[in-house]
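One structure is given here, and the rest of the page talks about it.
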Amino acid sequence: MTTLGTPGLARTAADITGLLLDLDRPCWILRDEEGRVAATTDDWAAGARGQVLAAVPPLPQDRLGDKGFRVAHGVRAAYAAGAMANGIASPALVVAMAEAGYLASYGAAGVPPAAVDAALAELSAKLRGKPFACNLIHSPSELALERAIVDACLRHEVRCVEASAFMDLTPEVVRYRAAGLSVDRQGAVVCGNRLIAKVSRVEVAELFLRPAPERLLRQLVESGRITAEQARLAERVPMADDITAEADSGGHTDRRPLVVLLPELVAARDRIAHTVPGAAAVRIGAAGGIGTPDAAAAAFALGAAYIVTGSVNQSAVEANQSQATKNLLATAQFADCTMAPSSDMFELGVQVQVLRRGTMFASRAQRLYDLYRAYDGMDALPVEIRKDLEDKLFRRPLAEIWQECVSYFTERDPAQLVSAEGDPKARMALVFRWYLGLSSGWSIRGEADRPADYQIWCGPAMGGFNSWVAGSYLAAPANRSVADIANQLMTGAAYLTRVAQLRSAGVRLPAECARYVPRPTEEQ
């Protein structure tokens with residue numbers, strides 16, 4: 001990749017791009033004997049052929065972010081595929097990432113406990129010694145689910161959990177952390193169960209930056225679920241090893257801007273470290289809106305120890321999503337997302353971010369929440385509203401839906417039925433949650449008669465990704481391998497970081513050099 005007659009020097013945009021893409025070698029920008037600007041990776045040419053204007057060191061993707069993240073999790077890069085609920089982040093996706101040397105989190109939220117147990121058994125058998133995590137989602141209305149997931153993680157010796165949507169610490173997340181604690185020969189605490197907390201608020205991050213509260217540890221010891229020694233050790237270490245700043249993401253999100261949230265969490269970590277020394281070692285990563293190399297590079301430039309992707313992985317071949325949904329995702333633009341009531345925290349008014357294009361789920365779910373707020377139970381609904389719901393949305397009498405809820409929660413979480421026994425409004429909430437809960441399943445299975453009701457968790461990163469890959473081999477969903485997406489994003493982030501380093505040194509490269517285009521691995 002050199003200009004004819006000038007060995008070792010590159011002048012065209014394509015040739016300069018090629019040299020900067022050689023991430024394992026330094027690159028010099030110089031002015032040659034004829035006064036023209038050129039680039040080279042040849043140190044002899046840099047010194048002998050002209051005046052050096054600027055230089056960038058090697059920057060392979062494993063130098064982005066915090067080395068501690070790579071060492072702690074046994075991965076090749078500071079990159080993770082976050083959990084996508086209902087098993088969308090499937091065992092196949094987790095295996096593909098692990099075999100490529102990346103971390104991924106199995107999407108256990110919303111999956112029946114027996115299926116979670118089977119998935120973790122499969123992953124533990126296939127990935128001995130390789131990195132993977134399991135999602136633990138905060139379920140304030142279904143506490144039994146948290147316990148079931150922690151039980152399965154401990155049973156199958158899952159050594160990393162991604163805790164998400166927590167508003168406060170619960171006994172189960174504390175139990176997972178404490179159950180893996182021990183001491184080494186020097187008396188230092190060893191955290192055998194690593195915990196990544198995904199948060200969007202400083203006050204929640206502070207809970208994970210500090211040791212587990214004494215009241216929860218005491219409860220766990222008294223109930224025999226952890227030992228007194230584990231409780232004592234838990235008082236010496238922060239709850240989390242890593243905290244992910246979750247910005248404007250798909251699913252559960254507060255839609256925080258990353259450029260504000262990440263520095264706030266880093267500042268909180270450093271402040272708390274004055275009184276909790278162990279907090280200084282907690283790494284702060286970035287998630288939400290990361291679907292392009294530019295976004296990844298920006299997150300690392302902000303100081304992210306690692307990055308986490310989510311929405312973009314839904315369209316990958318390994319994701320447990322129907323082809324119909326993947327095709328919808330591949331057409332999304334960054335403004336094609338909206339907020340809708342969440343199934344797991346419906347009564348609290350919590351919302352999730354979903355795809356708006358091609359589905360009416362968001363408006364229909366919002367209508368159910370408005371009815372829940374306005375009426376005291378199903379029997380209080382006006383006749384015409386009830387008939388409309390039964391004909392168009394539920395497609396069955398509400399009484400039948402209630403019986404399905406009874407069967408479902410009898411097996412999954414009987415406490416839900418106990419609380420609804422004498423409360424018509426609580427029964428109505430469970431019935432409305434039936435629609436919200438099944439709608440994501442209709443999307444996953446590609447139910448042909450329910451496309452207008454697909455609930456597709458999605459953030460603006462999906463639209464950014466589609467714009468970036470347009471015209472490339474990654475434009476087609478069939479070509480989107482989750483590990484290849486990771487590699488392309490990280491390679492592009494490293495490349496664009498080198499471009500930014502040269503720009504900050506005053507070098508003006510051709511405009512074509514300022515964009516990284518996806519390239520099949522053999523062409524990099």
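Please note that chains go A, B, ... in the order of the structure tokens, that every chain numbers its residues from 1, and that ligands are numbered from 1 in the order shown.
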(request) Mind checking which residues fall within 8 Å of Ala231 (chain A), counting only C-alpha atoms, ignoring those fewer than 5 positions away in the same chain, and posting them as JSON, numbers by chain? (result) {"A": [178, 217, 218, 221, 226]}
Generate the output file for the selected residues, C-alpha atoms, as a PDB file, in the first residue's frame.
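File out33.pdb, as written:
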ATOM      1  CA  ALA A 178     -21.165 -13.518  49.497  1.00  0.00           C
ATOM      2  CA  LEU A 217     -26.014 -10.142  55.669  1.00  0.00           C
ATOM      3  CA  ARG A 218     -27.531 -10.795  59.074  1.00  0.00           C
ATOM      4  CA  VAL A 221     -26.824 -15.806  58.053  1.00  0.00           C
ATOM      5  CA  ILE A 226     -24.626 -17.911  53.811  1.00  0.00           C
TER       6      ILE A 226
END
(request) May I have all residues of region 229-280 of chain A that DSSP, computed from the backbone, assigns to alpha helix (DSSP H), given as a PyMOL selection string? (result) chain A and resi 229-234+258-272
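Those residues that approach region 366-379 of chain A to within 8 Å, counting only C-alpha atoms, are A:Ala340, A:Pro341, A:Phe346, A:Gly349, A:Arg386, A:Pro424, A:Lys425, A:Ala426, A:Arg427, A:Met428, A:Ala429, A:Phe432; same-chain residues fewer than 6 positions away are not listed.
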(message) For His156 (chain A), find every residue with an atom within 7 Å (counting only C-alpha atoms), except residues of its own chain fewer than 6 positions away, and show them as a ChimeraX atom specification.
(response) /A:120-121,124
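Of the residues under consideration (A:Asn193, A:Thr17, A:Gln230, A:Gln353), A:Thr17 shows the shortest atom-to-atom contact distance to Tyr516 (chain A) when counting only C-alpha atoms.
Of the listed residues (A:Ala365, A:Ile290, A:Ala14, A:Leu19), A:Ile290 comes nearest to Cys458 (chain A); the distances count only C-alpha atoms.
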(message) Between A:Ala100, A:Leu181, A:Val161, A:Leu489, which residue has the minimum interatomic distance to Thr292 (chain A), considering only C-alpha atoms?
(response) A:Leu489
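For Arg25 (chain A), the residues within 9 Å (counting only C-alpha atoms, excluding itself and residues fewer than 5 positions away along the chain) are Leu19, Leu20, Thr41, Asp42, Val56, Pro57, Pro58, Leu59 and Pro60 of chain A.
Taking only C-alpha atoms into account, Gly471 (chain A) lies nearest to A:Arg519 out of the set A:Arg236, A:Arg519, A:Arg256, A:Lys67.
Closest to Ala470 (chain A) among A:Ile385, A:Ala486, A:Ala38, A:Ala330 is A:Ala330, based on only C-alpha atoms.
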(message) Give me the residues near region 398-413 of chain A as a ChimeraX atom specification, where near means some atom within 9 Å (using only C-alpha atoms) and where sequence neighbours in that chain fewer than 4 positions away do not count.
(response) /A:112-113,142-145,378,386,389-390,394,417,427-428,430-431,434
Pull C-alpha atoms from the residues just selected and write them as a compact mmCIF listing (two decimals), in the first residue's frame.
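Output file selection.txt is given in full below:
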# COMPACT_ATOMS: atom_id res chain seq x y z
CA PRO A 112 -38.90 -19.98 33.41
CA PRO A 113 -36.57 -21.24 36.16
CA GLU A 142 -41.60 -11.74 41.69
CA LEU A 143 -38.91 -12.22 44.33
CA ALA A 144 -39.00 -15.99 43.90
CA LEU A 145 -37.52 -15.55 40.43
CA MET A 378 -61.73 -5.54 35.43
CA ARG A 386 -63.93 -4.41 27.93
CA LEU A 389 -60.00 -5.32 24.68
CA GLU A 390 -61.42 -8.82 24.37
CA PHE A 394 -56.59 -10.18 24.07
CA LEU A 417 -51.95 -14.93 43.45
CA ARG A 427 -55.90 -9.07 39.40
CA MET A 428 -56.36 -6.58 36.59
CA LEU A 430 -51.81 -9.55 36.26
CA VAL A 431 -54.20 -9.83 33.31
CA TRP A 434 -50.33 -11.25 30.39
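The residue that comes closest to Val75 (chain A), out of A:Ala13, A:Ala98, A:Ala54, A:Val158 and on the basis of only C-alpha atoms, is A:Ala98.
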(request) Quick one: everything within 12 Å of Ala245 (chain A), counting only C-alpha atoms, minus sequence neighbours fewer than 6 positions away in the same chain. Send it as an MDAnalysis selection string. (result) chainID A and resid 164:165 196:202 204:205 253:266 268:269 283:290 299 302:309
Can those selected residues be exported to a file as a CSV table (one decimal), in the first residue's frame so that it contains C-alpha atoms?
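Once everything was written out, this is out-v9.csv:
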chain,number,residue,atom,x,y,z
A,164,SER,CA,-29.6,-5.2,36.0
A,165,ALA,CA,-32.6,-3.0,36.8
A,196,ILE,CA,-21.3,-6.7,37.0
A,197,ALA,CA,-23.9,-4.1,38.0
A,198,LYS,CA,-25.7,-2.3,35.2
A,199,VAL,CA,-27.0,1.1,36.6
A,200,SER,CA,-28.2,4.4,35.3
A,201,ARG,CA,-28.3,6.4,38.6
A,202,VAL,CA,-25.5,7.4,40.9
A,204,VAL,CA,-27.8,2.9,42.8
A,205,ALA,CA,-24.1,2.7,41.8
A,253,THR,CA,-33.5,2.4,30.6
A,254,ASP,CA,-33.6,5.9,32.1
A,255,ARG,CA,-32.4,7.2,28.7
A,256,ARG,CA,-29.4,9.0,30.4
A,257,PRO,CA,-26.8,10.6,28.1
A,258,LEU,CA,-23.6,8.6,28.3
A,259,VAL,CA,-21.4,11.7,28.2
A,260,VAL,CA,-23.0,12.8,31.5
A,261,LEU,CA,-23.6,9.5,33.2
A,262,LEU,CA,-20.2,7.9,32.8
A,263,PRO,CA,-18.2,10.8,34.3
A,264,GLU,CA,-20.7,11.0,37.2
A,265,LEU,CA,-20.2,7.3,38.0
A,266,VAL,CA,-16.4,7.6,37.8
A,268,ALA,CA,-18.8,8.7,42.6
A,269,ARG,CA,-16.4,5.8,42.5
A,283,ARG,CA,-14.2,-0.6,37.0
A,284,ILE,CA,-16.8,1.6,35.3
A,285,GLY,CA,-17.9,0.6,31.8
A,286,ALA,CA,-20.3,2.0,29.3
A,287,ALA,CA,-23.5,0.8,27.7
A,288,GLY,CA,-26.4,2.3,25.8
A,289,GLY,CA,-26.2,3.8,22.3
A,290,ILE,CA,-23.1,1.8,21.4
A,299,ALA,CA,-16.9,5.7,25.2
A,302,LEU,CA,-14.6,9.2,28.1
A,303,GLY,CA,-12.7,6.7,30.3
A,304,ALA,CA,-14.9,3.6,30.0
A,305,ALA,CA,-13.1,0.6,31.3
A,306,TYR,CA,-15.1,-1.6,28.9
A,307,ILE,CA,-18.1,-1.3,26.6
A,308,VAL,CA,-21.3,-3.3,26.5
A,309,THR,CA,-23.5,-3.8,23.4
(request) Could you give me the residues within region 190-258 of chain A that DSSP places in strand (DSSP E or B), as a ChimeraX atom specification? (result) /A:190-191,194-199,242-246,251-252
Could you write out the selected residues, including C-alpha atoms, as a PDB file, in the first residue's frame?
ATOM      1  CA  VAL A 190     -10.951 -13.481  46.900  1.00  0.00           C
ATOM      2  CA  CYS A 191     -14.212 -12.781  45.052  1.00  0.00           C
ATOM      3  CA  ARG A 194     -17.848 -11.735  40.050  1.00  0.00           C
ATOM      4  CA  LEU A 195     -20.667  -9.215  39.783  1.00  0.00           C
ATOM      5  CA  ILE A 196     -21.277  -6.650  37.039  1.00  0.00           C
ATOM      6  CA  ALA A 197     -23.950  -4.124  38.025  1.00  0.00           C
ATOM      7  CA  LYS A 198     -25.736  -2.270  35.239  1.00  0.00           C
ATOM      8  CA  VAL A 199     -27.045   1.054  36.567  1.00  0.00           C
ATOM      9  CA  ASP A 242     -17.646  -3.745  37.559  1.00  0.00           C
ATOM     10  CA  ILE A 243     -20.376  -1.143  37.177  1.00  0.00           C
ATOM     11  CA  THR A 244     -21.844  -0.490  33.749  1.00  0.00           C
ATOM     12  CA  ALA A 245     -23.167   2.996  33.097  1.00  0.00           C
ATOM     13  CA  GLU A 246     -26.373   2.210  31.203  1.00  0.00           C
ATOM     14  CA  GLY A 251     -35.374  -2.422  27.348  1.00  0.00           C
ATOM     15  CA  HIS A 252     -35.100  -1.053  30.896  1.00  0.00           C
TER      16      HIS A 252
END
